[in-house]
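Chemist: Below is entry-v3.txt; it holds compact mmCIF, C-alpha atoms.
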# COMPACT_ATOMS: atom_id res chain seq x y z
CA MET A 7 -13.65 -41.29 23.06
CA ARG A 8 -12.29 -38.97 25.74
CA LEU A 9 -10.29 -36.05 24.41
CA ASP A 10 -7.00 -37.19 25.97
CA GLU A 11 -7.44 -40.67 24.50
CA PHE A 12 -8.27 -39.18 21.11
CA ILE A 13 -5.18 -36.96 21.15
CA GLU A 14 -2.96 -39.91 22.07
CA PHE A 15 -4.52 -41.99 19.28
CA GLU A 16 -4.01 -39.20 16.75
CA ALA A 17 -0.40 -38.68 17.86
CA SER A 18 0.36 -42.33 17.09
CA GLU A 19 -1.25 -42.01 13.69
CA ARG A 20 0.77 -38.87 12.96
CA ALA A 21 4.01 -40.57 13.96
CA GLU A 22 3.38 -43.33 11.44
CA ARG A 23 2.55 -40.83 8.70
CA ARG A 24 5.73 -38.90 9.47
CA ARG A 25 7.76 -42.10 9.25
CA LEU A 26 6.30 -42.92 5.84
CA ALA A 27 6.92 -39.38 4.58
CA ALA A 28 10.27 -38.78 6.26
CA GLU A 29 11.93 -37.96 2.97
CA LYS A 30 10.31 -35.01 1.21
CA ASP A 31 9.82 -35.65 -2.46
CA TYR A 32 11.26 -32.86 -4.56
CA GLY A 33 11.01 -34.92 -7.75
CA ILE A 34 8.59 -32.49 -9.37
CA LEU A 35 11.06 -31.54 -12.09
CA ASP A 36 12.07 -35.14 -12.86
CA HIS A 37 9.09 -35.72 -15.15
CA LEU A 38 9.76 -32.71 -17.38
CA ASP A 39 12.05 -34.57 -19.76
CA SER A 40 9.35 -37.16 -20.41
CA PHE A 41 6.81 -34.38 -20.89
CA GLU A 42 9.02 -32.75 -23.52
CA ARG A 43 9.27 -36.08 -25.36
CA ARG A 44 5.50 -36.51 -25.28
CA PHE A 45 5.09 -32.94 -26.53
CA GLU A 46 7.41 -33.62 -29.48
CA GLU A 47 5.36 -36.71 -30.39
CA HIS A 48 1.92 -35.12 -30.14
CA VAL A 49 2.39 -31.52 -31.26
CA SER A 50 2.98 -30.71 -34.91
CA ASP A 51 4.11 -27.32 -36.11
CA ASP A 52 0.71 -25.75 -35.66
CA ALA A 53 -1.64 -28.18 -33.92
CA VAL A 54 -2.07 -30.45 -30.93
CA VAL A 55 -2.77 -33.91 -32.35
CA GLY A 56 -5.32 -36.10 -30.59
CA SER A 57 -6.03 -33.56 -27.89
CA VAL A 58 -8.49 -34.28 -25.10
CA SER A 59 -9.44 -31.44 -22.78
CA PRO A 60 -10.80 -32.26 -19.32
CA SER A 61 -11.08 -28.65 -18.19
CA ILE A 62 -10.48 -24.96 -18.84
CA PHE A 63 -8.60 -22.13 -17.22
CA VAL A 64 -9.47 -18.44 -17.02
CA GLY A 65 -6.74 -16.09 -15.83
CA ARG A 66 -7.22 -12.91 -13.83
CA SER A 67 -4.34 -10.70 -14.99
CA ASP A 68 -5.44 -7.57 -16.87
CA TYR A 69 -9.09 -8.21 -16.04
CA PRO A 70 -11.50 -7.72 -17.84
CA ASN A 71 -9.20 -8.65 -20.73
CA VAL A 72 -8.13 -12.10 -19.63
CA SER A 73 -6.33 -15.14 -20.94
CA THR A 74 -8.52 -18.22 -21.38
CA GLY A 75 -7.15 -21.69 -21.92
CA LEU A 76 -8.03 -25.24 -22.88
CA LEU A 77 -6.06 -27.72 -20.75
CA SER A 78 -4.73 -30.84 -22.46
CA PRO A 79 -2.74 -33.71 -20.87
CA VAL A 80 -0.42 -34.16 -23.84
CA GLY A 81 0.29 -37.84 -24.48
CA ARG A 82 -1.92 -38.98 -21.60
CA GLU A 83 -5.33 -38.55 -23.20
CA GLU A 84 -6.56 -41.94 -22.00
CA ARG A 85 -6.33 -40.65 -18.41
CA ALA A 86 -7.58 -37.14 -19.11
CA ASP A 87 -10.18 -37.15 -16.33
CA ALA A 88 -7.46 -37.81 -13.74
CA PHE A 89 -5.91 -34.42 -14.55
CA GLU A 90 -8.99 -32.43 -13.50
CA THR A 91 -8.94 -31.29 -9.87
CA SER A 92 -11.63 -33.10 -7.90
CA ALA A 93 -12.45 -34.78 -4.60
CA ALA A 94 -11.10 -37.98 -6.14
CA TRP A 95 -7.58 -36.65 -5.64
CA TYR A 96 -8.06 -36.97 -1.89
CA GLU A 97 -9.47 -40.48 -2.27
CA GLU A 98 -6.41 -41.37 -4.35
CA ASP A 99 -4.19 -39.93 -1.60
CA VAL A 100 -2.19 -37.95 -4.14
CA SER A 101 1.07 -36.46 -2.95
CA ILE A 102 2.32 -32.92 -3.55
CA SER A 103 4.56 -34.28 -6.31
CA ASP A 104 1.60 -36.11 -7.86
CA VAL A 105 -0.33 -32.83 -8.01
CA PHE A 106 2.57 -30.96 -9.56
CA ASP A 107 3.15 -33.75 -12.07
CA ARG A 108 -0.48 -33.60 -13.21
CA ARG A 109 -0.65 -29.84 -13.37
CA THR A 110 2.63 -29.24 -15.13
CA SER A 111 1.71 -31.95 -17.65
CA LEU A 112 -1.29 -29.93 -18.84
CA LEU A 113 -0.63 -27.85 -21.92
CA ASN A 114 -2.58 -24.60 -21.56
CA SER A 115 -3.53 -23.45 -25.08
CA THR A 116 -4.57 -19.83 -24.57
CA ARG A 117 -6.25 -16.88 -26.22
CA GLY A 118 -7.08 -13.46 -24.90
CA VAL A 119 -10.76 -12.43 -24.61
CA ASP A 120 -12.94 -9.87 -22.90
CA VAL A 121 -14.94 -11.41 -20.06
CA ALA A 122 -18.11 -9.74 -21.39
CA ASP A 123 -17.90 -11.87 -24.55
CA ALA A 124 -19.64 -14.61 -22.56
CA GLY A 125 -22.81 -12.52 -22.30
CA ALA A 126 -25.70 -13.02 -24.71
CA THR A 127 -26.95 -10.09 -26.79
CA GLY A 128 -29.96 -11.76 -28.35
CA GLY A 129 -32.39 -14.59 -27.81
CA VAL A 130 -31.71 -18.30 -27.72
CA GLU A 131 -32.30 -21.06 -30.20
CA SER A 132 -32.37 -24.84 -29.91
CA VAL A 133 -29.48 -26.55 -31.65
CA GLY A 134 -30.12 -30.23 -32.29
CA SER A 135 -30.52 -32.24 -29.11
CA GLY A 136 -28.05 -30.08 -27.19
CA PRO A 137 -28.74 -27.19 -24.84
CA ALA A 138 -30.46 -24.04 -26.00
CA LYS A 139 -27.75 -21.69 -27.26
CA SER A 140 -27.49 -17.96 -27.60
CA VAL A 141 -27.41 -16.48 -31.09
CA HIS A 142 -24.45 -14.45 -29.82
CA ASP A 143 -21.07 -15.94 -30.76
CA ALA A 144 -20.37 -16.99 -27.17
CA TRP A 145 -21.24 -20.46 -28.47
CA ASP A 146 -19.09 -20.15 -31.57
CA GLY A 147 -15.36 -20.28 -32.18
CA TRP A 148 -12.82 -20.38 -29.40
CA LEU A 149 -15.13 -19.27 -26.61
CA GLY A 150 -17.82 -21.71 -27.68
CA VAL A 151 -15.45 -24.69 -27.63
CA GLN A 152 -14.18 -23.66 -24.23
CA ARG A 153 -17.73 -23.45 -22.89
CA GLU A 154 -18.64 -26.85 -24.35
CA VAL A 155 -15.65 -28.38 -22.56
CA ALA A 156 -16.68 -26.71 -19.29
CA ILE A 157 -20.31 -27.91 -19.32
CA ALA A 158 -19.58 -31.47 -20.46
CA ASP A 159 -19.54 -34.23 -17.86
CA ARG A 160 -16.48 -35.98 -19.34
CA PRO A 161 -13.29 -34.97 -21.20
CA VAL A 162 -13.88 -33.72 -24.75
CA ASP A 163 -11.97 -34.39 -27.98
CA VAL A 164 -10.70 -31.07 -29.29
CA GLU A 165 -8.44 -30.16 -32.20
CA ILE A 166 -6.40 -27.11 -31.27
CA GLY A 167 -4.60 -24.99 -33.82
CA LEU A 168 -1.55 -23.27 -32.40
CA ASP A 169 -0.25 -19.88 -33.42
CA GLY A 170 3.20 -21.10 -34.28
CA ARG A 171 5.25 -23.60 -32.36
CA PRO A 172 5.37 -22.75 -28.67
CA GLU A 173 8.54 -22.18 -26.77
CA LEU A 174 8.28 -24.32 -23.65
CA ASP A 175 9.81 -22.87 -20.50
CA PHE A 176 10.67 -25.63 -18.06
CA ASP A 177 12.08 -23.31 -15.44
CA ILE A 178 9.22 -24.05 -13.06
CA GLY A 179 9.03 -21.80 -10.00
CA THR A 180 6.52 -21.31 -7.21
CA GLU A 181 4.63 -18.65 -9.18
CA ASP A 182 4.02 -21.16 -11.96
CA ILE A 183 3.08 -23.93 -9.57
CA LYS A 184 0.45 -21.75 -7.91
CA THR A 185 -1.62 -21.88 -11.08
CA PRO A 186 -3.45 -25.04 -12.19
CA THR A 187 -1.64 -25.17 -15.51
CA GLY A 188 1.68 -26.13 -16.98
CA PRO A 189 3.38 -24.88 -20.15
CA ARG A 190 1.42 -22.35 -22.21
CA ALA A 191 1.00 -21.97 -25.94
CA ALA A 192 -0.82 -19.33 -27.96
CA ALA A 193 -3.87 -20.85 -29.69
CA ARG A 194 -5.29 -19.80 -33.05
CA THR A 195 -8.34 -22.07 -33.37
CA ALA A 196 -10.20 -24.84 -31.59
CA GLU A 197 -12.73 -27.28 -33.01
CA LEU A 198 -14.73 -30.00 -31.30
CA GLY A 199 -14.01 -33.55 -32.40
CA GLU A 200 -17.26 -34.86 -30.93
CA ASN A 201 -20.59 -33.73 -29.53
CA PRO A 202 -20.03 -33.27 -25.79
CA HIS A 203 -22.48 -34.88 -23.38
CA VAL A 204 -24.18 -32.20 -21.28
CA PRO A 205 -26.21 -33.25 -18.18
CA ARG A 206 -29.84 -32.13 -18.22
CA PRO A 207 -29.56 -29.96 -15.04
CA VAL A 208 -26.78 -27.97 -16.74
CA GLU A 209 -28.91 -27.55 -19.86
CA LYS A 210 -31.68 -26.22 -17.64
CA THR A 211 -29.45 -23.51 -16.17
CA LEU A 212 -28.29 -22.52 -19.67
CA GLU A 213 -31.81 -22.26 -21.05
CA ASP A 214 -33.00 -19.85 -18.37
CA ASP A 215 -31.61 -16.39 -19.12
CA ASP A 216 -33.36 -14.94 -16.06
CA TRP A 217 -31.76 -17.26 -13.49
CA ARG A 218 -29.26 -15.54 -11.25
CA ALA A 219 -25.89 -17.28 -10.97
CA GLU A 220 -26.25 -17.87 -7.21
CA GLY A 221 -29.52 -19.73 -7.65
CA ALA A 222 -28.15 -21.78 -10.54
CA MET A 223 -25.10 -22.79 -8.47
CA THR A 224 -27.27 -23.96 -5.59
CA TYR A 225 -29.59 -25.80 -7.97
CA LEU A 226 -26.70 -27.73 -9.50
CA TYR A 227 -25.19 -28.56 -6.11
CA ARG A 228 -28.49 -29.93 -4.83
CA ARG A 229 -28.68 -32.16 -7.89
CA GLY A 230 -25.40 -33.86 -7.16
CA PHE A 231 -22.82 -31.63 -8.83
CA ASP A 232 -19.80 -31.05 -6.63
CA VAL A 233 -18.28 -27.59 -6.29
CA TYR A 234 -15.44 -28.54 -8.67
CA GLU A 235 -17.84 -29.05 -11.56
CA ILE A 236 -19.86 -25.95 -10.73
CA ASN A 237 -16.89 -23.61 -10.53
CA THR A 238 -15.74 -24.72 -14.00
CA ILE A 239 -19.19 -23.99 -15.44
CA LEU A 240 -19.27 -20.62 -13.69
CA SER A 241 -15.76 -19.80 -14.88
CA ALA A 242 -16.81 -20.40 -18.50
CA GLY A 243 -19.52 -17.74 -18.20
CA ALA A 244 -22.32 -20.29 -18.50
CA LEU A 245 -24.30 -19.24 -15.40
CA GLY A 246 -26.30 -16.13 -14.64
CA ARG A 247 -28.71 -13.86 -16.47
CA GLY A 248 -28.10 -13.91 -20.21
CA ARG A 249 -26.82 -10.40 -20.83
CA ASN A 250 -24.89 -10.39 -17.54
CA ARG A 251 -22.98 -13.63 -18.07
CA ARG A 252 -19.26 -13.13 -17.76
CA LEU A 253 -16.17 -15.27 -17.79
CA VAL A 254 -14.96 -15.62 -14.21
CA PRO A 255 -11.24 -16.11 -13.44
CA THR A 256 -10.71 -19.64 -12.17
CA ARG A 257 -9.35 -18.58 -8.78
CA TRP A 258 -12.35 -16.29 -8.21
CA SER A 259 -14.89 -18.88 -9.33
CA ILE A 260 -13.58 -21.46 -6.85
CA THR A 261 -14.16 -19.12 -3.91
CA ALA A 262 -17.46 -17.86 -5.32
CA VAL A 263 -18.92 -21.36 -5.45
CA ASP A 264 -17.63 -22.32 -1.98
CA ASP A 265 -19.11 -19.10 -0.60
CA THR A 266 -22.47 -19.40 -2.37
CA VAL A 267 -23.05 -23.03 -1.42
CA GLY A 268 -21.83 -22.27 2.12
CA GLN A 269 -24.36 -19.44 2.44
CA PHE A 270 -27.10 -21.80 1.29
CA PHE A 271 -26.17 -24.30 4.00
CA ARG A 272 -25.88 -21.61 6.64
CA GLY A 273 -29.47 -20.65 5.92
CA SER A 274 -30.66 -24.24 5.87
CA ILE A 275 -29.21 -25.15 9.30
CA ARG A 276 -30.12 -21.99 11.21
CA GLU A 277 -33.29 -23.51 12.71
CA ASN A 278 -31.78 -26.93 13.37
CA PRO A 279 -31.15 -28.14 16.93
CA THR A 280 -27.54 -27.80 18.05
CA VAL A 281 -25.06 -30.58 18.59
CA ASP A 282 -25.49 -31.96 22.09
CA ARG A 283 -21.83 -32.22 23.12
CA ILE A 284 -18.43 -30.72 22.42
CA GLU A 285 -16.65 -32.66 19.71
CA VAL A 286 -13.05 -32.50 18.54
CA HIS A 287 -12.31 -33.84 15.05
CA ARG A 288 -8.97 -34.03 13.34
CA ASN A 289 -7.49 -34.76 9.94
CA GLU A 290 -4.08 -34.36 8.33
CA TYR A 291 -3.23 -34.25 4.64
CA LEU A 292 -0.24 -33.03 2.62
CA GLY A 293 1.48 -31.48 5.63
CA ASN A 294 -1.67 -29.65 6.77
CA ALA A 295 -3.28 -30.64 10.08
CA PHE A 296 -6.85 -29.57 10.86
CA TRP A 297 -8.57 -29.57 14.24
CA VAL A 298 -12.33 -28.93 14.11
CA ILE A 299 -14.03 -28.16 17.43
CA LEU A 300 -17.85 -28.24 17.39
CA VAL A 301 -19.64 -26.61 20.31
CA PRO A 302 -23.39 -26.53 21.13
CA GLY A 303 -24.98 -23.22 20.15
CA GLN A 304 -26.11 -21.14 17.20
CA TRP A 305 -23.93 -21.07 14.11
CA GLU A 306 -20.61 -19.33 14.55
CA TYR A 307 -17.42 -20.07 12.67
CA GLU A 308 -13.75 -19.19 12.80
CA LEU A 309 -10.67 -20.36 10.94
CA VAL A 310 -7.25 -19.85 12.51
CA GLU A 311 -4.22 -20.67 10.38
CA MET A 312 -0.77 -21.33 11.83
CA LYS A 313 1.93 -21.42 9.16
CA SER A 314 5.18 -22.89 10.36
CA PRO A 315 8.54 -21.48 9.28
CA GLY A 316 9.88 -23.48 6.37
CA SER A 317 6.43 -24.09 4.87
CA ILE A 318 5.63 -22.72 1.41
CA TRP A 319 3.68 -19.72 2.75
CA ASN A 320 6.25 -18.91 5.43
CA PRO A 321 9.57 -19.97 3.89
CA ASP A 322 11.97 -18.17 6.26
CA PRO A 323 13.04 -20.80 8.82
CA GLU A 324 13.80 -18.02 11.33
CA ALA A 325 10.49 -16.17 10.92
CA GLY A 326 8.47 -17.90 13.61
CA VAL A 327 4.92 -19.20 13.18
CA TYR A 328 2.66 -16.89 11.17
CA LEU A 329 -0.94 -16.60 12.39
CA ALA A 330 -4.02 -15.55 10.42
CA ALA A 331 -7.68 -15.68 11.44
CA ALA A 332 -11.17 -14.75 10.23
CA SER A 333 -14.62 -15.40 11.67
CA GLU A 334 -18.34 -14.92 11.26
CA GLY A 335 -21.46 -15.03 13.40
CA ARG A 336 -24.98 -16.28 12.78
CA GLU A 337 -25.62 -13.83 9.93
CA GLY A 338 -22.32 -14.42 8.15
CA ARG A 339 -19.98 -11.80 6.71
CA THR A 340 -20.54 -8.83 4.44
CA GLY A 341 -17.08 -8.64 2.87
CA TYR A 342 -14.43 -10.91 1.40
CA VAL A 343 -12.00 -12.53 3.83
CA GLU A 344 -8.53 -11.24 3.03
CA GLU A 345 -6.39 -12.77 5.77
CA THR A 346 -7.25 -16.43 5.22
CA ALA A 347 -8.63 -16.01 1.68
CA GLY A 348 -10.05 -19.06 -0.12
CA ALA A 349 -9.17 -21.45 2.71
CA TYR A 350 -11.82 -19.75 4.85
CA TYR A 351 -14.65 -20.58 2.45
CA ALA A 352 -13.38 -24.08 1.60
CA SER A 353 -13.06 -25.03 5.26
CA ARG A 354 -16.44 -23.50 6.13
CA LEU A 355 -18.11 -25.51 3.37
CA GLY A 356 -16.76 -28.77 4.79
CA VAL A 357 -18.11 -27.96 8.25
CA LEU A 358 -21.52 -26.84 6.97
CA GLU A 359 -21.93 -29.92 4.77
CA HIS A 360 -21.33 -32.10 7.82
CA LEU A 361 -23.78 -30.20 10.02
CA ASP A 362 -26.46 -30.22 7.32
CA GLU A 363 -26.07 -33.96 6.86
CA ARG A 364 -26.61 -34.41 10.61
CA GLY A 365 -29.52 -31.96 10.74
CA ARG A 366 -27.67 -29.89 13.37
CA GLN A 367 -25.98 -26.54 13.87
CA ALA A 368 -23.02 -25.61 16.04
CA LYS A 369 -20.29 -23.14 16.79
CA ALA A 370 -17.22 -24.29 14.86
CA LEU A 371 -13.59 -23.44 15.45
CA VAL A 372 -11.19 -24.76 12.79
CA LEU A 373 -7.47 -24.70 13.56
CA ARG A 374 -5.15 -25.28 10.61
CA HIS A 375 -1.46 -26.03 11.16
CA VAL A 376 0.59 -25.70 7.97
CA SER A 377 3.78 -27.63 8.73
CA ASP A 378 7.08 -27.45 6.89
CA ASP A 379 6.08 -30.71 5.17
CA TYR A 380 3.86 -28.53 2.99
CA TRP A 381 6.73 -27.62 0.71
CA GLY A 382 4.67 -26.67 -2.36
CA PRO A 383 1.17 -25.19 -2.76
CA VAL A 384 -1.36 -27.55 -4.34
CA GLY A 385 -4.50 -25.43 -4.11
CA VAL A 386 -7.40 -24.80 -1.79
CA TRP A 387 -9.01 -28.13 -2.71
CA GLN A 388 -6.82 -29.88 -0.14
CA VAL A 389 -8.30 -27.67 2.61
CA ARG A 390 -11.84 -28.47 1.49
CA GLU A 391 -11.24 -32.23 1.31
CA ALA A 392 -9.26 -32.44 4.55
CA VAL A 393 -12.07 -30.74 6.48
CA ARG A 394 -14.78 -32.73 4.70
CA ASN A 395 -13.06 -35.94 5.74
CA ALA A 396 -12.16 -34.82 9.26
CA PHE A 397 -15.56 -36.04 10.42
CA GLU A 398 -14.93 -39.63 9.40
CA GLY A 399 -14.04 -42.10 12.13
CA GLU A 400 -13.30 -41.41 15.80
CA PHE A 401 -13.51 -38.02 17.47
CA GLY A 402 -12.72 -36.67 20.91
CA ALA A 403 -15.29 -35.44 23.42
CA ALA A 404 -14.70 -32.68 25.95
CA GLU A 405 -16.74 -31.44 28.90
CA THR A 406 -16.15 -27.75 28.14
CA PHE A 407 -14.97 -25.58 25.27
CA GLY A 408 -12.03 -24.52 27.41
CA GLU A 409 -10.98 -28.14 27.90
CA ALA A 410 -11.22 -28.74 24.16
CA VAL A 411 -9.13 -25.70 23.21
CA ARG A 412 -6.52 -26.34 25.90
CA GLY A 413 -6.23 -29.98 24.87
CA VAL A 414 -5.77 -29.10 21.21
CA ALA A 415 -3.43 -26.18 21.99
CA ASP A 416 -0.92 -28.64 23.42
CA GLN A 417 -0.62 -30.10 19.91
CA LEU A 418 -0.19 -26.77 18.11
CA PRO A 419 3.00 -24.87 17.21
CA VAL A 420 1.90 -21.81 19.24
CA SER A 421 1.04 -21.30 22.90
CA LEU A 422 -2.51 -21.03 24.16
CA GLY A 423 -1.82 -17.40 25.03
CA ARG A 424 -0.83 -16.52 21.50
CA LEU A 425 -3.81 -18.44 20.13
CA ARG A 426 -6.14 -16.51 22.43
CA ARG A 427 -4.73 -13.21 21.26
CA LYS A 428 -5.48 -14.10 17.64
CA SER A 429 -8.68 -16.12 17.86
CA THR A 430 -12.00 -14.43 18.61
CA MET A 431 -13.56 -17.67 19.83
CA ALA A 432 -10.58 -18.79 21.92
CA ALA A 433 -10.30 -15.30 23.42
CA GLY A 434 -13.60 -15.88 25.20
CA LEU A 435 -12.08 -18.54 27.44
CA GLN A 436 -11.43 -17.85 31.09
CA ALA A 437 -7.67 -17.40 31.27
CA ASN A 438 -5.00 -18.64 33.65
CA LEU A 439 -1.75 -16.72 34.05
CA GLY A 440 0.17 -19.57 32.48
CA ASP A 441 -1.92 -19.30 29.30
CA PHE A 442 -0.15 -16.10 28.36
CA VAL A 443 3.36 -17.48 28.57
CA ASP A 444 4.53 -18.09 25.00
CA ALA A 445 6.40 -21.32 24.53
CA GLU A 446 7.32 -20.99 20.89
Written as structure tokens, how would this file's structure read?
Modeler:
Amino acid sequence: MRLDEFIEFEASERAERRRLAAEKDYGILDHLDSFERRFEEHVSDDAVVGSVSPSIFVGRSDYPNVSTGLLSPVGREERADAFETSAAWYEEDVSISDVFDRRTSLLNSTRGVDVADAGATGGVESVGSGPAKSVHDAWDGWLGVQREVAIADRPVDVEIGLDGRPELDFDIGTEDIKTPTGPRAAARTAELGENPHVPRPVEKTLEDDDWRAEGAMTYLYRRGFDVYEINTILSAGALGRGRNRRLVPTRWSITAVDDTVGQFFRGSIRENPTVDRIEVHRNEYLGNAFWVILVPGQWEYELVEMKSPGSIWNPDPEAGVYLAAASEGREGRTGYVEETAGAYYASRLGVLEHLDERGRQAKALVLRHVSDDYWGPVGVWQVREAVRNAFEGEFGAAETFGEAVRGVADQLPVSLGRLRRKSTMAAGLQANLGDFVDAE
């Protein structure tokens, strides 16, 4: 499909999506009354009754002394797996309110630990038919239950003893919503109500105390584990060399897995032939629009983010569009990306997965427009899934990179001139005088 035809087609699709989502849904707080009722029914004075934990959470404040939590969908145990962030959320087409409802419905039963407690100090021993376990107490007590939940391939029955009855704070603000948890309660004990099922590849990574975390992550990914599952296992301190195993804050583990798997793919495609034409792909989800331009040539990647005024990351309606960008060449980067943070690695992973599947390499420019429809942050997973799925269906073809960028720039909230001044890849285009006239 020619680029102009593709843009016209996408504009029609966007108009229909805007019509269906004309009224923003700020009903996130509406479910809190029902949550409080469920909490009253399922929480006794000192225990969560009938708890099922689909996942864990490791905080980053006061590192290395962090807060670790078991997440429980109180009163919704039969749907526990639906509360764990995964690619299925995109397939379900969850809304921002759906995400907030799920996350604020998870009771986070927490205890403070030192991240080094996850490291083994002795050998390992076989325990029944389960994975080989360290003689260190990382497999006992609170930390052991948390690790069992993290390595299991389905939600686990857990009985949680609370340290007194929690005071629930339902004054939910953006700082609370940024985390993947809801109300918190101090936990005293945790005991498994069943023997969790642990996949054999995970057992293998646990049994090998000499396996570096990066290699174990790649191994699991190549055996069908998605990054969501791997980052939970990493976060629980269940990957890496025995003595060096550490709990990893959830936010850090997400980026670490995206980066590690992305580096693996970058190495695997470096000798592949390049794409044979310039392609323009597009996807839109939860108020975020992504344009992915693939250009023949050796691997090169850049993410440019445009955050509209009134969006969650640029709330001042008079502030103008905020731009951020980061890039890498054939050999990648040596330091963490600050300006675009986790979105950089999540977006890059989606592009690299696509190129690896095709047996190709390319230069890739990803343009992300965060519109004011993105009224609440849901997490970097939506970036990953939107880019992953941008390659489905029709795409536009352009004769030159300049044609592709100019065509897409007409659909962006900034002028081509401003884009060129921010983007390393776009800056290489031959310029016309009119390109530098901002039309904000």
Chemist: Atom CA of A:Leu361 and atom CA of A:Glu290, how far apart in Å?
Modeler: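 If I compute the distance from atom CA of A:Glu290 to atom CA of A:Leu361, I get 20.2 Å.
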Chemist: Hey, what's within 12 Å of A:Glu363 if we count all atoms listed in the file and toss same-chain stuff fewer than 5 positions away? As a list in words, please?
Modeler: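 The filter keeps Phe271, Ser274, Ile275, Asn278, Gly356, Val357, Leu358, Arg394 and Phe397 of chain A.
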Chemist: Measure the distance from atom CA of A:Phe270 to atom CA of A:Ala368 in Å and round it to one decimal.
Modeler: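 Those two atoms sit 15.8 Å apart.
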Chemist: Which residue, A:Glu277, A:Glu235, A:Glu400, A:Asp264, has the smallest gap to A:Ala352 when you use only C-alpha atoms?
Modeler: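 Distance minimum relative to A:Ala352 lands on A:Asp264.
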Chemist: So that I can check the surroundings of A:Gln152, please list as a ChimeraX atom specification every protein, DNA and RNA residue that reaches within 9 Å of it, counting only C-alpha atoms and ignoring chain neighbours fewer than 2 positions away.
Modeler: /A:61-62,74-76,145,147-150,154-157,196,242
Chemist: If you measure from atom CA of A:Arg228 to atom CA of A:Ser353, what distance in Å do you get, rounded to one decimal?
Modeler: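 Atom-to-atom, atom CA of A:Arg228 to atom CA of A:Ser353, that is 19.1 Å.
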Chemist: How big is the axis-aligned box around the listed atoms of stretch 423-430 of chain A once 4 Å is added on each side, and where is its centre? Give both in Å to one decimal, as JSON.
Modeler:
{"center_x": -6.4, "center_y": -15.8, "center_z": 21.3, "size_x": 19.2, "size_y": 13.2, "size_z": 15.4}
Chemist: Mind checking which residues fall within 7 Å of A:Ser115, counting only C-alpha atoms, ignoring those fewer than 5 positions away in the same chain, and posting them as a list in words?
Modeler: Gly75, Leu76, Leu77, Arg190, Ala191, Ala192 and Ala193 of chain A
Chemist: When distances are computed from only C-alpha atoms, which of A:Asn294, A:Ser333, A:Val327, A:Glu98 shows the smallest separation from A:Ser421?
Modeler: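 Looking only at the distances to A:Ser421, the closest residue turns out to be A:Val327.
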Chemist: Excluding same-chain residues fewer than 6 positions from A:Arg247, what lies within 10 Å of it counting only C-alpha atoms, as an mmCIF file with C-alpha atoms, in the frame of the given file?
Modeler:
data_model
loop_
_atom_site.group_PDB
_atom_site.id
_atom_site.type_symbol
_atom_site.label_atom_id
_atom_site.label_comp_id
_atom_site.auth_asym_id
_atom_site.auth_seq_id
_atom_site.Cartn_x
_atom_site.Cartn_y
_atom_site.Cartn_z
ATOM 1 C CA GLY A 125 -22.810 -12.520 -22.300
ATOM 2 C CA ALA A 126 -25.700 -13.020 -24.710
ATOM 3 C CA THR A 211 -29.450 -23.510 -16.170
ATOM 4 C CA LEU A 212 -28.290 -22.520 -19.670
ATOM 5 C CA ASP A 214 -33.000 -19.850 -18.370
ATOM 6 C CA ASP A 215 -31.610 -16.390 -19.120
ATOM 7 C CA ASP A 216 -33.360 -14.940 -16.060
ATOM 8 C CA TRP A 217 -31.760 -17.260 -13.490
ATOM 9 C CA ARG A 218 -29.260 -15.540 -11.250
ATOM 10 C CA ALA A 219 -25.890 -17.280 -10.970
ATOM 11 C CA ALA A 222 -28.150 -21.780 -10.540
#
Chemist: Given the choices A:Phe401, A:Ser377, A:Val384, A:Pro70, which gets closest to A:Asp107 if the distance is worked out from only C-alpha atoms?
Modeler: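 For A:Asp107, the nearest of the given residues is A:Val384.
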Chemist: Which residue, A:Ala93, A:Ala158, A:Ala370, A:Val151, has the smallest gap to A:Ala392 when you use all atoms listed in the file?
Modeler: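 The closest residue to A:Ala392 is A:Ala93.
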Chemist: With all atoms listed in the file as the counted atoms, please give the residues lying no more than 6 Å from A:Phe296, apart from itself and same-chain residues fewer than 4 positions off, as an mmCIF file with C-alpha atoms, in the frame of the given file.
Modeler:
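Dumped everything to selection_8.cif:
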data_model
loop_
_atom_site.group_PDB
_atom_site.id
_atom_site.type_symbol
_atom_site.label_atom_id
_atom_site.label_comp_id
_atom_site.auth_asym_id
_atom_site.auth_seq_id
_atom_site.Cartn_x
_atom_site.Cartn_y
_atom_site.Cartn_z
ATOM 1 C CA ARG A 288 -8.970 -34.030 13.340
ATOM 2 C CA ASN A 289 -7.490 -34.760 9.940
ATOM 3 C CA LEU A 373 -7.470 -24.700 13.560
ATOM 4 C CA ARG A 374 -5.150 -25.280 10.610
#
Chemist: Between A:Pro161, A:Gly408, A:Gly188, A:Gly365, which has the minimum distance to A:Asn114 (counting only C-alpha atoms)?
Modeler: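 Ranked by minimum distance to A:Asn114, first place goes to A:Gly188.
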Chemist: May I have the residues at most 12 Å from (-18.9, -23.7, -12.2) in the file's coordinates, counting only C-alpha atoms, as number ranges by chain?
Modeler: A: 61-64, 153, 155-159, 208, 211, 219-220, 222-227, 231-246, 252-264, 266-267
Chemist: Considering only C-alpha atoms, can you say which of A:Glu90, A:Glu311, A:Asp265, A:Asp123 comes closest to A:Ser111?
Modeler: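 Closest candidate: A:Glu90.
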